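Structure below is coords.pdb: PDB, C-alpha atoms.
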ATOM      1  CA  MET A 238      15.077   6.438 -21.929
ATOM      2  CA  LYS A 239      13.469   3.116 -22.875
ATOM      3  CA  ILE A 240      14.531  -0.330 -21.705
ATOM      4  CA  ASP A 241      13.193  -3.444 -23.409
ATOM      5  CA  ALA A 242      13.004  -5.941 -20.571
ATOM      6  CA  GLY A 243      12.106  -8.910 -22.768
ATOM      7  CA  LEU A 244      13.990 -11.855 -21.292
ATOM      8  CA  THR A 245      16.595  -9.619 -19.641
ATOM      9  CA  TYR A 246      17.746 -10.582 -16.148
ATOM     10  CA  TYR A 247      16.467  -8.229 -13.439
ATOM     11  CA  ASP A 248      19.964  -7.179 -12.347
ATOM     12  CA  GLU A 249      20.783  -5.956 -15.846
ATOM     13  CA  ILE A 250      17.572  -3.915 -15.967
ATOM     14  CA  ASN A 251      18.377  -2.253 -12.654
ATOM     15  CA  LYS A 252      21.914  -1.478 -13.766
ATOM     16  CA  LYS A 253      20.493   0.372 -16.769
ATOM     17  CA  ILE A 254      18.040   2.248 -14.545
ATOM     18  CA  ARG A 255      20.795   3.309 -12.124
ATOM     19  CA  ALA A 256      23.080   4.384 -14.969
ATOM     20  CA  ALA A 257      20.412   6.403 -16.759
ATOM     21  CA  LYS A 258      20.965  10.149 -16.657
ATOM     22  CA  ASP A 259      17.461  10.841 -17.876
ATOM     23  CA  CYS A 260      14.966  11.100 -15.004
ATOM     24  CA  GLU A 261      12.192   9.555 -17.125
ATOM     25  CA  ILE A 262      12.683   5.835 -17.756
ATOM     26  CA  GLU A 263      10.282   3.396 -19.409
ATOM     27  CA  VAL A 264      10.634  -0.369 -18.987
ATOM     28  CA  ASP A 265       8.685  -2.279 -21.635
ATOM     29  CA  ASN A 266       7.769  -5.970 -21.870
ATOM     30  CA  CYS A 267       8.372  -6.670 -18.184
ATOM     31  CA  LEU A 268       7.983 -10.402 -17.587
ATOM     32  CA  GLY A 269       8.204 -10.918 -13.823
ATOM     33  CA  GLN A 270      11.687  -9.539 -13.177
ATOM     34  CA  ARG A 271      12.219  -8.806  -9.473
ATOM     35  CA  TYR A 272      13.428  -5.681  -7.677
ATOM     36  CA  ILE A 273      12.600  -3.214 -10.468
ATOM     37  CA  GLY A 274      13.428   0.246  -9.120
ATOM     38  CA  CYS A 275      15.088  -1.160  -6.006
ATOM     39  CA  GLY A 276      16.719   1.669  -4.003
ATOM     40  CA  LEU A 277      15.623   4.200  -6.606
ATOM     41  CA  SER A 278      15.989   7.884  -5.805
ATOM     42  CA  GLY A 279      15.175  10.958  -7.883
ATOM     43  CA  LYS A 280      13.999   9.181 -11.025
ATOM     44  CA  ASN A 281      10.638   8.301 -12.521
ATOM     45  CA  VAL A 282      10.139   4.796 -13.879
ATOM     46  CA  VAL A 283       7.174   3.547 -15.902
ATOM     47  CA  VAL A 284       6.818  -0.232 -16.163
ATOM     48  CA  ASN A 285       4.681  -1.868 -18.844
ATOM     49  CA  GLY A 286       3.942  -5.478 -18.053
ATOM     50  CA  THR A 287       4.132  -7.501 -14.858
ATOM     51  CA  PRO A 288       7.024  -6.725 -12.510
ATOM     52  CA  GLY A 289       8.081  -9.444 -10.088
ATOM     53  CA  ASN A 290       8.512  -9.434  -6.332
ATOM     54  CA  ALA A 291       9.764  -6.402  -4.398
ATOM     55  CA  LEU A 292       8.962  -3.734  -6.978
ATOM     56  CA  GLY A 293      10.336  -0.464  -5.591
ATOM     57  CA  ALA A 294      11.970  -2.134  -2.601
ATOM     58  CA  TYR A 295      13.875   0.389  -0.458
ATOM     59  CA  LEU A 296      12.552   3.209  -2.641
ATOM     60  CA  ASN A 297      14.074   6.499  -1.481
ATOM     61  CA  GLY A 298      12.326   8.932  -3.811
ATOM     62  CA  GLY A 299      10.964   9.356  -7.292
ATOM     63  CA  ASN A 300       7.970   7.569  -8.740
ATOM     64  CA  VAL A 301       7.334   4.068 -10.026
ATOM     65  CA  LYS A 302       4.248   3.585 -12.170
ATOM     66  CA  VAL A 303       3.058   0.170 -13.387
ATOM     67  CA  PHE A 304       0.591  -0.414 -16.201
ATOM     68  CA  GLY A 305      -0.310  -3.952 -15.272
ATOM     69  CA  ASN A 306      -0.394  -6.087 -12.142
ATOM     70  CA  ALA A 307       2.430  -6.320  -9.612
ATOM     71  CA  GLN A 308       3.536  -9.394  -7.709
ATOM     72  CA  ASP A 309       4.403  -9.732  -3.997
ATOM     73  CA  ALA A 310       6.099  -7.295  -1.589
ATOM     74  CA  THR A 311       5.641  -4.135  -3.642
ATOM     75  CA  GLY A 312       7.339  -1.251  -1.816
ATOM     76  CA  ASP A 313       9.185  -3.541   0.593
ATOM     77  CA  THR A 314      10.809  -1.296   3.250
ATOM     78  CA  MET A 315      10.401   1.820   1.119
ATOM     79  CA  ASN A 316      11.348   5.142   2.711
ATOM     80  CA  ASP A 317       9.972   7.762   0.340
ATOM     81  CA  GLY A 318       8.526   8.297  -3.140
ATOM     82  CA  LYS A 319       5.355   6.971  -4.745
ATOM     83  CA  ILE A 320       4.273   3.740  -6.401
ATOM     84  CA  PHE A 321       1.173   3.591  -8.610
ATOM     85  CA  ILE A 322      -0.221   0.220  -9.723
ATOM     86  CA  HIS A 323      -2.710   0.393 -12.604
ATOM     87  CA  GLY A 324      -3.987  -3.060 -11.758
ATOM     88  CA  SER A 325      -3.806  -5.264  -8.677
ATOM     89  CA  SER A 326      -0.914  -6.200  -6.402
ATOM     90  CA  GLY A 327       0.093  -9.429  -4.717
ATOM     91  CA  ASP A 328       0.694 -10.352  -1.094
ATOM     92  CA  ALA A 329       2.542  -8.184   1.447
ATOM     93  CA  THR A 330       2.084  -4.941  -0.483
ATOM     94  CA  GLY A 331       3.785  -2.223   1.546
ATOM     95  CA  TYR A 332       5.706  -4.696   3.670
ATOM     96  CA  ALA A 333       7.507  -2.764   6.447
ATOM     97  CA  MET A 334       7.186   0.508   4.537
ATOM     98  CA  ARG A 335       8.505   3.415   6.600
ATOM     99  CA  GLY A 336       7.479   6.322   4.385
ATOM    100  CA  GLY A 337       6.206   7.145   0.924
ATOM    101  CA  LYS A 338       2.913   6.192  -0.691
ATOM    102  CA  ILE A 339       1.547   3.203  -2.580
ATOM    103  CA  PHE A 340      -1.636   3.489  -4.638
ATOM    104  CA  VAL A 341      -3.230   0.297  -5.994
ATOM    105  CA  GLN A 342      -6.091   0.757  -8.422
ATOM    106  CA  GLY A 343      -7.457  -2.760  -7.940
ATOM    107  CA  ASN A 344      -7.136  -5.385  -5.224
ATOM    108  CA  ALA A 345      -4.268  -6.281  -2.889
ATOM    109  CA  GLY A 346      -3.373  -9.722  -1.569
ATOM    110  CA  TYR A 347      -3.057 -10.838   2.024
ATOM    111  CA  ARG A 348      -0.914  -9.077   4.631
ATOM    112  CA  ALA A 349      -0.992  -5.698   2.897
ATOM    113  CA  GLY A 350       0.635  -3.103   5.142
ATOM    114  CA  ILE A 351       2.237  -5.694   7.410
ATOM    115  CA  HIS A 352       4.732  -4.090   9.820
ATOM    116  CA  MET A 353       4.059  -0.620   8.374
ATOM    117  CA  LYS A 354       5.474   2.085  10.621
ATOM    118  CA  ALA A 355       6.148   5.814  10.584
ATOM    119  CA  TYR A 356       9.871   6.572  10.529
ATOM    120  CA  LYS A 357      11.091   9.911  11.878
ATOM    121  CA  ASP A 358       9.015  12.599  10.127
ATOM    122  CA  LYS A 359       7.693  10.292   7.392
ATOM    123  CA  THR A 360       4.181   8.868   7.230
ATOM    124  CA  PRO A 361       3.638   5.777   5.068
ATOM    125  CA  VAL A 362       0.355   5.573   3.158
ATOM    126  CA  LEU A 363      -1.228   2.612   1.354
ATOM    127  CA  VAL A 364      -4.421   3.187  -0.651
ATOM    128  CA  ILE A 365      -6.193   0.137  -2.101
ATOM    129  CA  GLY A 366      -8.936   0.920  -4.565
ATOM    130  CA  GLY A 367     -10.525  -2.526  -4.558
ATOM    131  CA  LYS A 368     -10.510  -5.203  -1.895
ATOM    132  CA  ALA A 369      -7.798  -6.324   0.549
ATOM    133  CA  GLY A 370      -6.914  -9.873   1.537
ATOM    134  CA  SER A 371      -6.611 -11.416   4.997
ATOM    135  CA  PHE A 372      -4.381  -9.979   7.736
ATOM    136  CA  LEU A 373      -4.609  -6.423   6.429
ATOM    137  CA  GLY A 374      -2.432  -4.188   8.622
ATOM    138  CA  GLU A 375      -0.909  -7.073  10.556
ATOM    139  CA  TYR A 376       1.384  -5.614  13.254
ATOM    140  CA  GLN A 377       0.830  -2.126  11.845
ATOM    141  CA  ALA A 378       2.685   0.434  13.965
ATOM    142  CA  GLY A 379       2.015   3.682  12.090
ATOM    143  CA  GLY A 380       0.789   5.354   8.934
ATOM    144  CA  TYR A 381      -2.484   5.013   7.042
ATOM    145  CA  ILE A 382      -4.087   2.094   5.232
ATOM    146  CA  ILE A 383      -7.167   3.017   3.195
ATOM    147  CA  VAL A 384      -9.382   0.426   1.479
ATOM    148  CA  LEU A 385     -12.016   1.914  -0.815
ATOM    149  CA  GLY A 386     -13.699  -1.298  -1.911
ATOM    150  CA  LEU A 387     -14.583   0.088  -5.329
ATOM    151  CA  GLY A 388     -16.392  -2.564  -7.326
ATOM    152  CA  HIS A 389     -17.227  -4.516  -4.159
ATOM    153  CA  ASP A 390     -20.185  -2.522  -2.893
ATOM    154  CA  LYS A 391     -22.273  -5.656  -2.264
ATOM    155  CA  GLY A 392     -19.642  -7.507  -0.266
ATOM    156  CA  GLY A 393     -16.931  -7.044   2.312
ATOM    157  CA  VAL A 394     -13.862  -5.002   1.417
ATOM    158  CA  VAL A 395     -11.384  -7.047   3.455
ATOM    159  CA  GLU A 396     -10.930 -10.737   4.185
ATOM    160  CA  ARG A 397     -10.413 -12.224   7.657
ATOM    161  CA  PHE A 398      -8.152 -11.209  10.558
ATOM    162  CA  CYS A 399      -7.896  -7.518   9.726
ATOM    163  CA  ALA A 400      -5.654  -5.498  12.092
ATOM    164  CA  THR A 401      -4.189  -8.520  13.882
ATOM    165  CA  GLY A 402      -1.434  -7.241  16.173
ATOM    166  CA  MET A 403      -2.085  -3.624  15.196
ATOM    167  CA  HIS A 404      -0.419  -1.262  17.672
ATOM    168  CA  GLY A 405      -0.225   2.042  15.799
ATOM    169  CA  GLY A 406      -1.492   3.965  12.809
ATOM    170  CA  LYS A 407      -5.003   3.906  11.347
ATOM    171  CA  ILE A 408      -6.971   1.727   8.946
ATOM    172  CA  PHE A 409      -9.874   3.229   6.979
ATOM    173  CA  LEU A 410     -12.445   0.883   5.443
ATOM    174  CA  ARG A 411     -15.131   2.167   3.068
ATOM    175  CA  CYS A 412     -17.970  -0.261   3.676
ATOM    176  CA  ASP A 413     -21.450  -0.763   5.114
ATOM    177  CA  ASP A 414     -20.462  -3.341   7.725
ATOM    178  CA  LEU A 415     -17.281  -3.936   9.664
ATOM    179  CA  PRO A 416     -15.445  -7.283   9.506
ATOM    180  CA  TYR A 417     -16.879  -9.601  12.141
ATOM    181  CA  ASP A 418     -13.572 -10.909  13.503
ATOM    182  CA  LEU A 419     -11.678  -7.758  14.483
ATOM    183  CA  PRO A 420      -9.303  -8.317  17.425
ATOM    184  CA  GLU A 421     -10.328  -7.031  20.841
ATOM    185  CA  GLN A 422      -7.254  -4.772  20.930
ATOM    186  CA  VAL A 423      -8.728  -2.586  18.175
ATOM    187  CA  ILE A 424     -11.321   0.179  18.418
ATOM    188  CA  ALA A 425     -13.591   0.562  15.388
ATOM    189  CA  LYS A 426     -15.918   3.489  14.793
ATOM    190  CA  LYS A 427     -17.582   5.346  11.970
ATOM    191  CA  ALA A 428     -15.174   7.904  10.586
ATOM    192  CA  SER A 429     -15.992  11.487  11.492
ATOM    193  CA  LYS A 430     -15.431  14.476   9.233
ATOM    194  CA  GLN A 431     -12.235  15.150  11.171
ATOM    195  CA  ASP A 432     -11.076  11.582  10.493
ATOM    196  CA  LEU A 433     -11.824  11.918   6.780
ATOM    197  CA  ASP A 434     -10.019  15.262   6.621
ATOM    198  CA  GLU A 435      -6.844  13.366   7.575
ATOM    199  CA  ILE A 436      -6.979  11.230   4.450
ATOM    200  CA  GLU A 437      -8.562  13.604   1.936
ATOM    201  CA  GLU A 438      -5.270  14.422   0.197
ATOM    202  CA  TYR A 439      -4.571  10.717  -0.331
ATOM    203  CA  LEU A 440      -8.011  10.152  -1.825
ATOM    204  CA  ASP A 441      -7.407  13.098  -4.139
ATOM    205  CA  GLU A 442      -4.097  11.575  -5.280
ATOM    206  CA  TYR A 443      -5.820   8.264  -5.965
ATOM    207  CA  ILE A 444      -8.555   9.935  -8.027
ATOM    208  CA  ASN A 445      -6.082  12.135  -9.906
ATOM    209  CA  GLU A 446      -4.183   9.037 -10.988
ATOM    210  CA  PHE A 447      -6.956   6.503 -11.611
ATOM    211  CA  GLY A 448     -10.086   8.613 -11.997
ATOM    212  CA  GLY A 449     -13.361   8.349 -10.138
ATOM    213  CA  ASP A 450     -16.145  10.443  -8.673
ATOM    214  CA  LYS A 451     -15.045  11.798  -5.318
ATOM    215  CA  THR A 452     -18.567  12.828  -4.297
ATOM    216  CA  LYS A 453     -19.847   9.309  -4.968
ATOM    217  CA  ILE A 454     -16.932   7.722  -3.139
ATOM    218  CA  MET A 455     -17.435   9.905  -0.076
ATOM    219  CA  LYS A 456     -21.176   9.177   0.141
ATOM    220  CA  LYS A 457     -20.527   5.690   1.478
ATOM    221  CA  ASN A 458     -19.660   4.988   5.107
ATOM    222  CA  PHE A 459     -16.045   4.925   6.189
ATOM    223  CA  TYR A 460     -14.957   3.132   9.345
ATOM    224  CA  VAL A 461     -11.676   3.841  11.084
ATOM    225  CA  LEU A 462      -9.713   1.298  13.119
ATOM    226  CA  ILE A 463      -7.193   2.338  15.760
ATOM    227  CA  PRO A 464      -5.395   0.413  18.522
ATOM    228  CA  ASP A 465      -7.044   0.405  21.940
ATOM    229  CA  THR A 466      -4.474   2.052  24.187
ATOM    230  CA  LYS A 467      -6.314   0.770  27.281
ATOM    231  CA  ASN A 468      -6.167  -2.799  26.042
ATOM    232  CA  PRO A 469      -2.927  -2.886  24.044
ATOM    233  CA  TYR A 470      -1.669  -5.705  21.929
ATOM    234  CA  LYS A 471       0.922  -7.796  23.710
ATOM    235  CA  GLN A 472       3.664  -9.274  21.612
ATOM    236  CA  ILE A 473       3.952 -13.034  21.640
ATOM    237  CA  TYR A 474       7.715 -13.028  21.205
ATOM    238  CA  THR A 475      10.137 -11.417  23.626
ATOM    239  CA  ALA A 476      13.894 -10.958  23.459
ATOM    240  CA  CYS A 477      15.916 -13.448  25.464
TER     241      CYS A 477
END

I need this file expressed as structure tokens, please.
Amino acid sequence: MKIDAGLTYYDEINKKIRAAKDCEIEVDNCLGQRYIGCGLSGKNVVVNGTPGNALGAYLNGGNVKVFGNAQDATGDTMNDGKIFIHGSSGDATGYAMRGGKIFVQGNAGYRAGIHMKAYKDKTPVLVIGGKAGSFLGEYQAGGYIIVLGLGHDKGGVVERFCATGMHGGKIFLRCDDLPYDLPEQVIAKKASKQDLDEIEEYLDEYINEFGGDKTKIMKKNFYVLIPDTKNPYKQIYTAC
């Protein structure tokens, strides 16, 4: 089924997606409409163009694939399924995601993976092929964030304040040097073979979708960041 987004209001597009009996849906000429694929389950949606904020919000299954860039809050509070961005994504990619996977071919804006957490038996995964903005993994409580830094081999792969408030999960950075301003509540070390074995399937999924030389990618150093359980992050805000 094909939907010509054109100047169509986002709610009308989503009504057509929900009503579609065909599991393969293509949205053409997307011009910034929000919430494409919101709450989707059991369907595959291909978007050509630039979807607006909260692409795949509350995704419960199925796949969303974008041929273009995505705006902010891609995968907001998603539970399951996969999102592939053949381009870059805006701020807060993977905001509060509780499961499922997001693969970004290019760069991601600031606060990617903010409030990410594992929910029940689900493990959220965010793979960024390029570079990540500031506050990567802010308040991360579970899951994996992987930044490959492809195309940025001569510079840092993440901006400032990485892992601020991190209290769970793991962040993998493919780079020669760690960010200089990591918080004291985080332990950073070179990734071992055992560490890399944990994320190998996600790297394979990235390469299967976007291409690349796995041997070349794996030749570069990976660092892994985890919370320091002996010096845990203390929340600033407490319930009254």

Quick one: residues within 7 Å of region 305-322 of chain A, only C-alpha atoms counted, chain neighbours fewer than 6 positions away excluded, as number ranges by chain?
-> A: 285-299, 328-342

Of A:Tyr381, A:Phe304, A:Tyr376, A:Tyr347, the one sitting nearest Leu440 (chain A) when using all atoms listed in the file is A:Tyr381

Which of A:Gly276, A:Lys368, A:His323, A:Val362 sits closest to Ala345 (chain A) [using all atoms listed in the file] |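 Using all atoms listed in the file, Ala345 (chain A) sits closest to A:Lys368.
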
Kindly give the distance, in Å, that separates CA of Asp390 (chain A) and CA of Tyr460 (chain A), rounded to a single decimal.
-> 14.5 Å

I would like the residues chosen by the PyMOL selection byres ((chain A and resi 247-261) around 6) on the shown file; could you give them as an mmCIF file with C-alpha atoms, in the frame of the given file?
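After the write, selection.cif holds the following:
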data_model
loop_
_atom_site.group_PDB
_atom_site.id
_atom_site.type_symbol
_atom_site.label_atom_id
_atom_site.label_comp_id
_atom_site.auth_asym_id
_atom_site.auth_seq_id
_atom_site.Cartn_x
_atom_site.Cartn_y
_atom_site.Cartn_z
ATOM 1 C CA TYR A 246 17.746 -10.582 -16.148
ATOM 2 C CA ILE A 262 12.683 5.835 -17.756
ATOM 3 C CA GLN A 270 11.687 -9.539 -13.177
ATOM 4 C CA ARG A 271 12.219 -8.806 -9.473
ATOM 5 C CA LYS A 280 13.999 9.181 -11.025
ATOM 6 C CA ASN A 281 10.638 8.301 -12.521
#

So, counting only C-alpha atoms, which residue among A:Met238, A:Ala378, A:Gln422, A:Tyr470 is closest to Tyr356 (chain A)?
->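 Of the candidates, the smallest distance to Tyr356 (chain A) is held by A:Ala378.
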
d(CA of Asp450 (chain A), CA of Asn344 (chain A)) in Å | 18.5 Å

Just so the selection is clear, what residues does the PyMOL selection byres ((chain A and resi 379) around 7) cover here, as a VMD selection string?
-> chain A and resid 353 to 355 377 to 378 380 to 381 405 to 406

Atomic separation - CA of Gly449 (chain A) relative to CA of Val284 (chain A), Å | 22.7 Å

Identify all residues satisfying the PyMOL selection byres ((chain A and resi 370) around 12) in the given file; provide them as a ChimeraX atom specification.
-> /A:325-330,343-351,365,367-369,371-375,384,386,393-400,416

Enclose the full set of atoms of region 245-258 of chain A listed in the file within a box whose edges lie along x, y and z, apply 5 Å of padding to each of the six sides, and report centre and edge lengths in Å to one decimal as JSON.
{"center_x": 19.8, "center_y": -0.2, "center_z": -15.9, "size_x": 16.6, "size_y": 30.7, "size_z": 17.5}

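Shortest separation to Ile383 (chain A) among A:Val461, A:Ile444, A:Met455, A:Leu419 occurs at residue A:Val461, atoms counted being all atoms listed in the file.
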
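Nearest to Lys426 (chain A) of all the residues A:Leu462, A:Leu277, A:Val282, A:Leu410 is A:Leu462, counting all atoms listed in the file.
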
Using only C-alpha atoms: which of A:Arg411, A:Lys357, A:Lys302, A:His404 has the shortest distance to Lys457 (chain A) |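 Answer, going by the shortest atom-to-atom distance: A:Arg411.
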